[in-house]
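A short write-up of the structure that comes next.
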Amino acid sequence: MLPKFAYSRPMSVEETLAQLTNGSVIHAGGTDLLGCLADGVVTPEKMVSIQALNELRGVRVLNNGLRIGALTTLSEVAEHPLIRERYAALAQSAGAAASPQLRNQGTIGGNLCQRPRCWYFRGDFHCLRKMSPGKPC
Ligand SMILES: Cc1cc2nc3c(=O)[nH]c(=O)nc-3n(C[C@H](O)[C@H](O)[C@H](O)COP(=O)(O)OP(=O)(O)OC[C@H]3O[C@@H](n4cnc5c(N)ncnc54)[C@H](O)[C@@H]3O)c2cc1C
């Protein structure tokens with residue numbers, strides 16, 4: 001069962017930053033977060049969705065490289081022509097993660113910030129990292 005929490009979906013980055021206080025957690029695609037909630041790995045007071053922040057989506061070409069927005073999905077990264085041409089390892093690893101459904105929903109920001117995929121951390125164990133955030137594994 002999921003714990004109780006408040007939910008908000010701000011429409012701007014400024015509003016989002018103002019809502020991100022202690023005890024809140026960012027919700028992007030939700031593919032990792034919902035599992036963490038169900039497993040009791042996180043117990044937020046508030047979930048702040050960043051799904052409405054369109055400026056965080058997509059890939060932009062800059063003079064010195066690419067800028068990949070945090071809400072760009074793994075599928076978009078895997079299929080982007082320029083990433084495939086210039087950053088083949090990134091395109092290949094994004095395209096090999098999880099399953100097509102998860103890659104269509106999961107974002108690159110969420111992938112980088114996902115909680116440890118460890119049996120002890122996710123499971124019903126007295127894991128130091130889970131019990132005392134910041135402690136070494
Ligand atoms: C069955 C399964 C198999 C998987 N296999 C693989 C695999 O083979 N390889 C692999 O690399 N990954 C794998 N994953 C992980 C998957 O890639 C992530 O679940 C996904 O990328 C997370 O993105 P999301 O947008 O859904 O994040 P969410 O679930 O919304 O968030 C994940 C975490 O990141 C935080 N977060 C999200 N966005 C931001 C942001 N912009 N700024 C700060 N914090 C943020 C959230 O608060 C949360 O703690 C797998 C997941 C599942 C469920």
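Residue numbering restarts at 1 for every chain of the structure tokens, chains are lettered A, B, ... in their displayed order, and ligands are numbered from 1 as they appear.
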
Test item: residues no farther than 6 Å from ligand 1, counting only C-alpha atoms and all ligand atoms, as a count of residues only: 21

DSSP-assigned helix (DSSP H, G or I) among range 22-134 of chain A, expressed as a PyMOL selection string: chain A and resi 33-38+54-56+74-79+81-86+88-96+100-105+108-113+119-122+128-131

Spatial neighbours of Tyr7 in chain A, max dist 12 Å, only C-alpha atoms, sep filter under 4 positions, as a ChimeraX atom specification: /A:16,19-20,24-27,44-50

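If you look at CA of Tyr120 in chain A and CA of Ser75 in chain A, they are 29.3 Å away from each other.
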
Secondary structure check, strand (DSSP E or B) residues of range 36-93 of chain A, as a PyMOL selection string: chain A and resi 46-49+59-62+65-68+73

Could those residues be written to a file, using N, CA and C atoms, as a PDB file, in the first residue's frame?
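Contents of the output file again-v7.pdb:
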```pdb
ATOM      1  N   LYS A  46       5.363  15.252   0.533  1.00  0.00           N
ATOM      2  CA  LYS A  46       4.779  15.860  -0.669  1.00  0.00           C
ATOM      3  C   LYS A  46       5.509  15.374  -1.917  1.00  0.00           C
ATOM      4  N   MET A  47       4.727  15.111  -2.977  1.00  0.00           N
ATOM      5  CA  MET A  47       5.322  14.754  -4.259  1.00  0.00           C
ATOM      6  C   MET A  47       5.094  15.923  -5.208  1.00  0.00           C
ATOM      7  N   VAL A  48       6.182  16.403  -5.820  1.00  0.00           N
ATOM      8  CA  VAL A  48       6.077  17.549  -6.722  1.00  0.00           C
ATOM      9  C   VAL A  48       6.344  17.070  -8.145  1.00  0.00           C
ATOM     10  N   SER A  49       5.316  17.077  -8.982  1.00  0.00           N
ATOM     11  CA  SER A  49       5.468  16.615 -10.366  1.00  0.00           C
ATOM     12  C   SER A  49       6.120  17.706 -11.203  1.00  0.00           C
ATOM     13  N   VAL A  59      16.152  17.810 -26.698  1.00  0.00           N
ATOM     14  CA  VAL A  59      17.599  17.906 -26.895  1.00  0.00           C
ATOM     15  C   VAL A  59      17.877  19.174 -27.691  1.00  0.00           C
ATOM     16  N   ARG A  60      18.805  20.004 -27.186  1.00  0.00           N
ATOM     17  CA  ARG A  60      19.163  21.226 -27.911  1.00  0.00           C
ATOM     18  C   ARG A  60      20.631  21.177 -28.309  1.00  0.00           C
ATOM     19  N   VAL A  61      20.913  21.667 -29.491  1.00  0.00           N
ATOM     20  CA  VAL A  61      22.307  21.690 -29.948  1.00  0.00           C
ATOM     21  C   VAL A  61      22.918  23.024 -29.539  1.00  0.00           C
ATOM     22  N   LEU A  62      24.069  22.970 -28.843  1.00  0.00           N
ATOM     23  CA  LEU A  62      24.784  24.179 -28.433  1.00  0.00           C
ATOM     24  C   LEU A  62      26.112  24.228 -29.186  1.00  0.00           C
ATOM     25  N   GLY A  65      28.352  21.479 -27.633  1.00  0.00           N
ATOM     26  CA  GLY A  65      27.816  20.125 -27.395  1.00  0.00           C
ATOM     27  C   GLY A  65      26.304  20.115 -27.428  1.00  0.00           C
ATOM     28  N   LEU A  66      25.710  19.218 -26.648  1.00  0.00           N
ATOM     29  CA  LEU A  66      24.248  19.098 -26.610  1.00  0.00           C
ATOM     30  C   LEU A  66      23.752  19.397 -25.211  1.00  0.00           C
ATOM     31  N   ARG A  67      22.536  19.875 -25.127  1.00  0.00           N
ATOM     32  CA  ARG A  67      21.894  20.020 -23.835  1.00  0.00           C
ATOM     33  C   ARG A  67      20.668  19.104 -23.832  1.00  0.00           C
ATOM     34  N   ILE A  68      20.695  18.121 -22.932  1.00  0.00           N
ATOM     35  CA  ILE A  68      19.584  17.165 -22.854  1.00  0.00           C
ATOM     36  C   ILE A  68      18.758  17.516 -21.629  1.00  0.00           C
ATOM     37  N   THR A  73      12.820  11.635 -22.483  1.00  0.00           N
ATOM     38  CA  THR A  73      12.692  10.211 -22.138  1.00  0.00           C
ATOM     39  C   THR A  73      13.911   9.427 -22.661  1.00  0.00           C
TER      40      THR A  73
END
```

Separation of CA of Asn104 in chain A from CA of Arg57 in chain A in Å: 13.1 Å

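With only C-alpha atoms as the atoms that count, the residue of A:Val41, A:Ala88, A:Met11, A:Gly23 with the shortest distance to Cys118 in chain A is A:Val41.
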
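Of the residues under consideration (A:Gln105, A:Thr72, A:Asn64, A:Gln51), A:Gln51 shows the shortest atom-to-atom contact distance to Arg9 in chain A when counting only C-alpha atoms.
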